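Below is one structure, written out as structure tokens; the observations come after it.
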Amino acid sequence: MDATVKPLRIPPEMAIYAEKHEVFDLLQSLVRNLVVDKPADPIQYLIGMLKRGSVEVPRVILLGPPASGKRTVTKALCERTQAIHVTISHILKEDPDLNGQPQQCQDRGEKIPSDLWTRMVRHRLSRIDCVRRGWVLEGIPRTREEALSLQEAGIAPDHVVVLEAPDDVLIERSLGKRIDPETGDVYHVAFMRPESQEVLRRLEPPKEFVTEELVAKQLQRYRREAHGLLKTYGSYLHYVNADQPHVDVCAQVLTYLLSRHRSTAPHTPRILLFGPPGSGKSLQARLLAQKYNIMDICSGKLIKAVYADESSMGELLKPYLESGEKVPDSIVLQILVARLSRLDCTTRGWVVHGFPRDVEQAEKLRESNHIPSRVFFLDMTDDVAVERLSLRAVDPVTGERYHSLYRPAPSSEVKARLVFDPRDSEGRVRARLRQYWEQVAMLQGFYPDAIHINADQDPHTIFESIESRLVGRLPKTLMDGQQSQST
């Protein structure tokens with residue numbers, strides 16, 4: 001075949017490296033920022049971005065009606081993520097060569113023009129602290145017009161959080177609102193009292209006189225603008241119930257911010273399934289292979305297939321399989337690596353079950369550079385496993401599988417001819433379970449990012465749980481390196 005038309009085969013190591021370091025997403029983020037910011041010197045701009053240590057920084061908009069807790073939640077988020085807290089008052093204090101125009105509009109009671117307001121927000125977010133550490137916009141934008149103007153200026157958040165609560169709750173909060181004049185922190189006389197008596201003594205009511213009628217009008221104004229405003233961000237929106245303790249609200253918002261949007265990067269699934277006998281590994285592997293067109297690799301079946309093809313490797317397996325002895329790890333690994341290195345596995349992906357069975361095998365698999373992108377443990381109790389296995393049987397005439405509890409034989413005639421596998425006796429099943437539990441703790445330590453799934457439920461529910469964690473990106477963590485950006 002002509003080398004110029006021969007299909008290009010990318011070594012598996014390249015894909016593993018690209019996925020591990022999220023190279024595709026890195027390039028996508030660099031290009032997106034480059035097109036939005038339009039720097040005069042693109043090369044130096046990209047070099048500067050890469051020198052930050054992390055291209056991904058928080059870019060969050062936090063919206064909600066008055067008294068929904070935006071200030072409290074935003075402060076908590078910024079403390080955890082080291083992002084910059086940006087409010088309307090912060091932006092108004094800055095005057096990026098606008099000759100006091102914003103303040104003049106405020107003094108006359110006029111609305112700041114949308115283009116002018118956008119320039120002010122963009123100026124604040126372009127400062128080095130926001131660029132390096134990210135930002136959380138509290139209550140910005142306020143209208144659909146402002147939101148569209150910000151989008152046109154290239155100011156696009158990664159997450160938009162909306163706090164919600166009933167109007168009667170918000171009115172009660174507004175009337176009991178108190179402010180610490182030294183820190184600006186917001187408290188409530190009933191719902192959120194400060195722990196320190198010193199802080200409690202210096203609390204003051206808001207400077208503006210608050211009445212129930214005034215708060216009702218503010219809420220009405222917010223509701224009037226909210227529909228168009230929120231529609232602007234569409235699928236980016238995430239709603240959080242603010243009518244609960246502020247600690248719970250902050251935790252829910254932080255969990256959402258640490259989640260990541262689905263990546264558009266090319267992805268080749270490489271899955272390991274662990275679980276005790278009877279946990280349904282084979283069924284889940286088959287469902288994954290059918291839906292995602294990946295290769296279903298069962299180590300036991302693979303060894304039998306190699307033995308049956310009468311190759312040199314099959315001859316090597318012959319004495320072990322005929323005598324019932326354990327096949328040495330080196331031979332099993334050699335067979336598995338050869339299978340995973342074939343073109344269908346490297347291009348389409350794979351799901352492996354039945355190997356590795358201990359940490360030593362796991363280490364050898366890692367050394368072979370066949371590294372899984374997801375690891376799942378299907379968890380269930382021994383009693384459930386024994387019930388599933390010891391009561392199953394096969395009809396030798398039709399090959400159909402039946403179970404005394406879950407799928408009984410349709411007739412007494414079929415029931416009479418069912419054959420039970422001696423390996424599924426309770427004693428032998430419990431022996432296999434003991435072998436599994438002897439190794440599983442160390443395997444879980446070897447794969448600390450593994451995902452645990454409750455296997456004692458409907459198989460399709462289990463599949464949905466696996467699938468949701470397979471297609472989504474793993475959540476971000478607050479790393480020390482990110483926090484050091486604030487220094």
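Identifiers in the structure tokens: chain A, B, ... in order shown; residue index from 1 per chain; ligand index from 1 in order shown.
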Show me, as a compact mmCIF listing (two decimals) with N, CA, C and O atoms, in the first residue's frame, the residues that have an atom within 12 Å of Gln252 in chain A when counting only C-alpha atoms, minus same-chain residues fewer than 2 positions from it.
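File around.txt, as written:
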```txt
# COMPACT_ATOMS: atom_id res chain seq x y z
N VAL A 73 -22.99 33.98 49.84
CA VAL A 73 -22.53 32.85 49.04
C VAL A 73 -21.29 33.23 48.23
O VAL A 73 -20.32 32.46 48.15
N ALA A 76 -18.17 33.28 50.37
CA ALA A 76 -17.74 31.92 50.71
C ALA A 76 -17.05 31.26 49.51
O ALA A 76 -16.02 30.59 49.66
N LEU A 77 -17.60 31.46 48.32
CA LEU A 77 -17.00 30.88 47.12
C LEU A 77 -15.61 31.44 46.86
O LEU A 77 -14.68 30.71 46.53
N VAL A 161 -25.14 30.68 38.31
CA VAL A 161 -25.92 30.14 39.42
C VAL A 161 -27.02 31.12 39.78
O VAL A 161 -26.77 32.32 39.89
N VAL A 162 -28.22 30.60 39.95
CA VAL A 162 -29.37 31.42 40.30
C VAL A 162 -29.93 30.94 41.64
O VAL A 162 -30.30 29.77 41.78
N LEU A 163 -29.96 31.84 42.63
CA LEU A 163 -30.53 31.53 43.94
C LEU A 163 -32.02 31.83 43.90
O LEU A 163 -32.44 32.89 43.41
N HIS A 238 -27.95 27.14 36.58
CA HIS A 238 -28.10 26.12 37.62
C HIS A 238 -28.83 26.78 38.79
O HIS A 238 -28.33 27.74 39.38
N TYR A 239 -30.00 26.25 39.14
CA TYR A 239 -30.81 26.84 40.19
C TYR A 239 -30.52 26.17 41.53
O TYR A 239 -30.38 24.94 41.61
N VAL A 240 -30.45 26.98 42.58
CA VAL A 240 -30.21 26.48 43.93
C VAL A 240 -31.26 27.08 44.86
O VAL A 240 -31.50 28.29 44.83
N ASN A 241 -31.89 26.23 45.65
CA ASN A 241 -32.88 26.69 46.62
C ASN A 241 -32.18 27.45 47.74
O ASN A 241 -31.40 26.88 48.51
N ALA A 242 -32.46 28.75 47.86
CA ALA A 242 -31.82 29.58 48.87
C ALA A 242 -32.57 29.57 50.19
O ALA A 242 -32.11 30.17 51.17
N GLN A 244 -32.80 27.69 52.71
CA GLN A 244 -32.19 26.68 53.57
C GLN A 244 -30.96 27.30 54.21
O GLN A 244 -30.54 28.40 53.84
N PRO A 245 -30.37 26.66 55.22
CA PRO A 245 -29.19 27.25 55.88
C PRO A 245 -28.11 27.65 54.87
O PRO A 245 -27.87 26.91 53.90
N HIS A 246 -27.49 28.80 55.11
CA HIS A 246 -26.53 29.31 54.13
C HIS A 246 -25.36 28.37 53.92
O HIS A 246 -24.75 28.34 52.84
N VAL A 247 -25.02 27.57 54.95
CA VAL A 247 -23.92 26.61 54.80
C VAL A 247 -24.27 25.58 53.73
O VAL A 247 -23.44 25.21 52.89
N ASP A 248 -25.53 25.12 53.72
CA ASP A 248 -25.96 24.15 52.73
C ASP A 248 -26.01 24.77 51.33
O ASP A 248 -25.66 24.13 50.33
N VAL A 249 -26.45 26.02 51.26
CA VAL A 249 -26.49 26.71 49.97
C VAL A 249 -25.08 26.82 49.39
O VAL A 249 -24.84 26.51 48.22
N CYS A 250 -24.14 27.26 50.23
CA CYS A 250 -22.75 27.42 49.77
C CYS A 250 -22.18 26.08 49.31
O CYS A 250 -21.48 26.01 48.29
N LEU A 254 -20.84 25.34 45.55
CA LEU A 254 -19.45 24.96 45.36
C LEU A 254 -19.35 23.63 44.62
O LEU A 254 -18.51 23.46 43.73
N THR A 255 -20.19 22.68 44.99
CA THR A 255 -20.19 21.39 44.30
C THR A 255 -20.46 21.56 42.82
O THR A 255 -19.82 20.92 41.96
N TYR A 256 -21.40 22.44 42.48
CA TYR A 256 -21.71 22.68 41.08
C TYR A 256 -20.53 23.34 40.36
O TYR A 256 -20.20 22.98 39.22
N LEU A 257 -19.86 24.29 41.02
CA LEU A 257 -18.74 24.98 40.38
C LEU A 257 -17.58 24.02 40.13
O LEU A 257 -16.82 24.21 39.17
N LEU A 258 -17.42 23.03 41.00
CA LEU A 258 -16.33 22.08 40.81
C LEU A 258 -16.66 21.05 39.72
O LEU A 258 -15.78 20.33 39.27
N SER A 259 -17.94 20.97 39.34
CA SER A 259 -18.30 20.11 38.22
C SER A 259 -17.81 20.75 36.93
O SER A 259 -17.52 21.94 36.88
```
Closest contacts (range 269-290 of chain A/range 345-366 of chain A, max 6 Å, only C-alpha atoms) as a Markdown table:
```
| residue | atom | partner | partner_atom | distance |
| --- | --- | --- | --- | --- |
| A:Pro269 | CA | A:Gly349 | CA | 4.8 |
| A:Arg270 | CA | A:Trp350 | CA | 5.1 |
| A:Ile271 | CA | A:Val351 | CA | 4.5 |
| A:Leu272 | CA | A:Val352 | CA | 5.0 |
| A:Leu273 | CA | A:His353 | CA | 5.0 |
```
For Leu46 in chain A: contacts at 9 Å, only C-alpha atoms, fewer than 5 positions along chain excluded, given as a list in words: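 Contacts, in chain order: Leu30, Val31, Asn33, Leu34, Asp41 and Lys51 of chain A.
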Selection: 6 Å around range 443-455 of chain A, only C-alpha atoms, excl. self and same-chain fewer than 2 positions, as number ranges by chain: A: 279, 359, 375-380, 440-441, 457
Top pick for closest residue to Ile466 in chain A, considering A:Lys304, A:Lys38, A:Lys281, A:Arg392 and counting only C-alpha atoms: A:Lys281
Members of range 222-368 of chain A assigned helix (DSSP H, G or I) by DSSP, as a ChimeraX atom specification: /A:222-236,246-258,281-292,299-308,312-323,329-340,343-348,359-367
Contact residues around range 432-438 of chain A with only C-alpha atoms at 9 Å, ignoring same-chain residues under 3 positions, as a list in words: Gly275, Pro276, Pro277, Arg357, Asp358, Asp382, Ala385, Gly427, Arg428, Val429, Ala441 and Met442 of chain A
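Nearest to Arg339 in chain A of all the residues A:Leu321, A:Ile303, A:Leu27, A:Ala153 is A:Ile303, counting only C-alpha atoms.
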In range 133-363 of chain A, DSSP strand (DSSP E) residues written as a ChimeraX atom specification: /A:135-138,159-164,177-179,186-188,237-241,270-274,295-298,350-353
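Across the model, the gap from CA of Glu94 in chain A to CA of Lys70 in chain A is 21.8 Å.
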Residues of range 48-75 of chain A at most 12 Å from range 200-223 of chain A: nearest atom pair and distance in Å, only C-alpha atoms, as a tab-separated table:
```
residue	atom	partner	partner_atom	distance
A:Leu63	CA	A:Tyr222	CA	10.3
A:Gly64	CA	A:Tyr222	CA	8.4
A:Pro65	CA	A:Tyr222	CA	6.1
A:Pro66	CA	A:Leu219	CA	6.7
A:Ala67	CA	A:Val215	CA	9.2
A:Ser68	CA	A:Leu219	CA	10.6
```
Output of the above residues as a PDB file, in the first residue's frame, restricted to all heavy atoms:
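Listed below is the output, result07.pdb:
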```
ATOM      1  N   LEU A  63     -26.593  35.058  40.400  1.00  0.00           N
ATOM      2  CA  LEU A  63     -27.772  35.899  40.311  1.00  0.00           C
ATOM      3  C   LEU A  63     -28.808  35.467  41.337  1.00  0.00           C
ATOM      4  O   LEU A  63     -28.742  34.372  41.894  1.00  0.00           O
ATOM      5  CB  LEU A  63     -28.381  35.808  38.904  1.00  0.00           C
ATOM      6  CG  LEU A  63     -27.465  36.170  37.733  1.00  0.00           C
ATOM      7  CD1 LEU A  63     -28.154  35.879  36.406  1.00  0.00           C
ATOM      8  CD2 LEU A  63     -27.047  37.632  37.802  1.00  0.00           C
ATOM      9  N   GLY A  64     -29.774  36.337  41.566  1.00  0.00           N
ATOM     10  CA  GLY A  64     -30.841  36.021  42.507  1.00  0.00           C
ATOM     11  C   GLY A  64     -31.550  37.281  42.954  1.00  0.00           C
ATOM     12  O   GLY A  64     -31.033  38.398  42.815  1.00  0.00           O
ATOM     13  N   PRO A  65     -32.746  37.152  43.511  1.00  0.00           N
ATOM     14  CA  PRO A  65     -33.507  38.311  43.970  1.00  0.00           C
ATOM     15  C   PRO A  65     -32.867  38.938  45.207  1.00  0.00           C
ATOM     16  O   PRO A  65     -31.970  38.341  45.831  1.00  0.00           O
ATOM     17  CB  PRO A  65     -34.880  37.710  44.300  1.00  0.00           C
ATOM     18  CG  PRO A  65     -34.599  36.280  44.613  1.00  0.00           C
ATOM     19  CD  PRO A  65     -33.470  35.886  43.722  1.00  0.00           C
ATOM     20  N   PRO A  66     -33.300  40.123  45.595  1.00  0.00           N
ATOM     21  CA  PRO A  66     -32.788  40.750  46.827  1.00  0.00           C
ATOM     22  C   PRO A  66     -33.002  39.829  48.026  1.00  0.00           C
ATOM     23  O   PRO A  66     -34.020  39.155  48.143  1.00  0.00           O
ATOM     24  CB  PRO A  66     -33.635  42.029  46.941  1.00  0.00           C
ATOM     25  CG  PRO A  66     -34.095  42.313  45.550  1.00  0.00           C
ATOM     26  CD  PRO A  66     -34.267  40.985  44.887  1.00  0.00           C
ATOM     27  N   ALA A  67     -32.002  39.792  48.919  1.00  0.00           N
ATOM     28  CA  ALA A  67     -32.053  39.014  50.167  1.00  0.00           C
ATOM     29  C   ALA A  67     -31.983  37.510  49.940  1.00  0.00           C
ATOM     30  O   ALA A  67     -32.257  36.736  50.860  1.00  0.00           O
ATOM     31  CB  ALA A  67     -33.298  39.353  50.980  1.00  0.00           C
ATOM     32  N   SER A  68     -31.577  37.073  48.757  1.00  0.00           N
ATOM     33  CA  SER A  68     -31.447  35.634  48.516  1.00  0.00           C
ATOM     34  C   SER A  68     -30.116  35.079  49.020  1.00  0.00           C
ATOM     35  O   SER A  68     -29.904  33.871  48.993  1.00  0.00           O
ATOM     36  CB  SER A  68     -31.595  35.334  47.022  1.00  0.00           C
ATOM     37  OG  SER A  68     -30.631  36.048  46.267  1.00  0.00           O
TER      38      SER A  68
END
```
Residues within 10 Å of Glu182 in chain A, only C-alpha atoms, excluding chain neighbours under 2 positions, as an MDAnalysis selection string: chainID A and resid 179:180 184:185 199 202:203
Residue contacts of His267 in chain A (10 Å, only C-alpha atoms) excluding same-chain residues fewer than 4 positions away, as a list in words: Ala15, Ile16, Ala18, Glu19, Ser263, Thr347, Arg348, Gly349, Ser373 and Val471 of chain A
Got time to write the residues from that selection, N, CA, C and O atoms, as a PDB file, in the first residue's frame?
```
ATOM      1  N   ALA A  15      -2.524   9.166  22.917  1.00  0.00           N
ATOM      2  CA  ALA A  15      -3.897   9.433  23.357  1.00  0.00           C
ATOM      3  C   ALA A  15      -3.987   9.481  24.873  1.00  0.00           C
ATOM      4  O   ALA A  15      -4.676  10.331  25.442  1.00  0.00           O
ATOM      5  N   ILE A  16      -3.277   8.572  25.530  1.00  0.00           N
ATOM      6  CA  ILE A  16      -3.291   8.542  26.996  1.00  0.00           C
ATOM      7  C   ILE A  16      -2.700   9.826  27.565  1.00  0.00           C
ATOM      8  O   ILE A  16      -3.242  10.421  28.501  1.00  0.00           O
ATOM      9  N   ALA A  18      -2.514  12.775  26.042  1.00  0.00           N
ATOM     10  CA  ALA A  18      -3.402  13.900  25.722  1.00  0.00           C
ATOM     11  C   ALA A  18      -4.599  13.939  26.659  1.00  0.00           C
ATOM     12  O   ALA A  18      -5.017  15.015  27.114  1.00  0.00           O
ATOM     13  N   GLU A  19      -5.172  12.766  26.970  1.00  0.00           N
ATOM     14  CA  GLU A  19      -6.325  12.728  27.871  1.00  0.00           C
ATOM     15  C   GLU A  19      -5.915  13.041  29.302  1.00  0.00           C
ATOM     16  O   GLU A  19      -6.624  13.756  30.018  1.00  0.00           O
ATOM     17  N   SER A 263     -16.710  17.610  28.023  1.00  0.00           N
ATOM     18  CA  SER A 263     -15.642  17.977  27.091  1.00  0.00           C
ATOM     19  C   SER A 263     -15.975  17.510  25.687  1.00  0.00           C
ATOM     20  O   SER A 263     -16.566  16.443  25.484  1.00  0.00           O
ATOM     21  N   THR A 347      -8.396   2.206  18.745  1.00  0.00           N
ATOM     22  CA  THR A 347      -9.197   3.241  18.083  1.00  0.00           C
ATOM     23  C   THR A 347     -10.596   3.370  18.661  1.00  0.00           C
ATOM     24  O   THR A 347     -11.175   4.459  18.650  1.00  0.00           O
ATOM     25  N   ARG A 348     -11.170   2.264  19.151  1.00  0.00           N
ATOM     26  CA  ARG A 348     -12.545   2.298  19.644  1.00  0.00           C
ATOM     27  C   ARG A 348     -12.649   2.294  21.157  1.00  0.00           C
ATOM     28  O   ARG A 348     -13.655   2.750  21.716  1.00  0.00           O
ATOM     29  N   GLY A 349     -11.618   1.788  21.831  1.00  0.00           N
ATOM     30  CA  GLY A 349     -11.656   1.715  23.284  1.00  0.00           C
ATOM     31  C   GLY A 349     -11.994   0.314  23.764  1.00  0.00           C
ATOM     32  O   GLY A 349     -12.305  -0.579  22.965  1.00  0.00           O
ATOM     33  N   SER A 373      -9.061   4.873  31.752  1.00  0.00           N
ATOM     34  CA  SER A 373      -9.535   6.247  31.974  1.00  0.00           C
ATOM     35  C   SER A 373     -10.633   6.288  33.031  1.00  0.00           C
ATOM     36  O   SER A 373     -10.892   7.338  33.614  1.00  0.00           O
ATOM     37  N   VAL A 471     -19.427   9.429  30.611  1.00  0.00           N
ATOM     38  CA  VAL A 471     -19.462  10.502  29.613  1.00  0.00           C
ATOM     39  C   VAL A 471     -19.112  11.850  30.223  1.00  0.00           C
ATOM     40  O   VAL A 471     -18.664  12.754  29.519  1.00  0.00           O
TER      41      VAL A 471
END
```
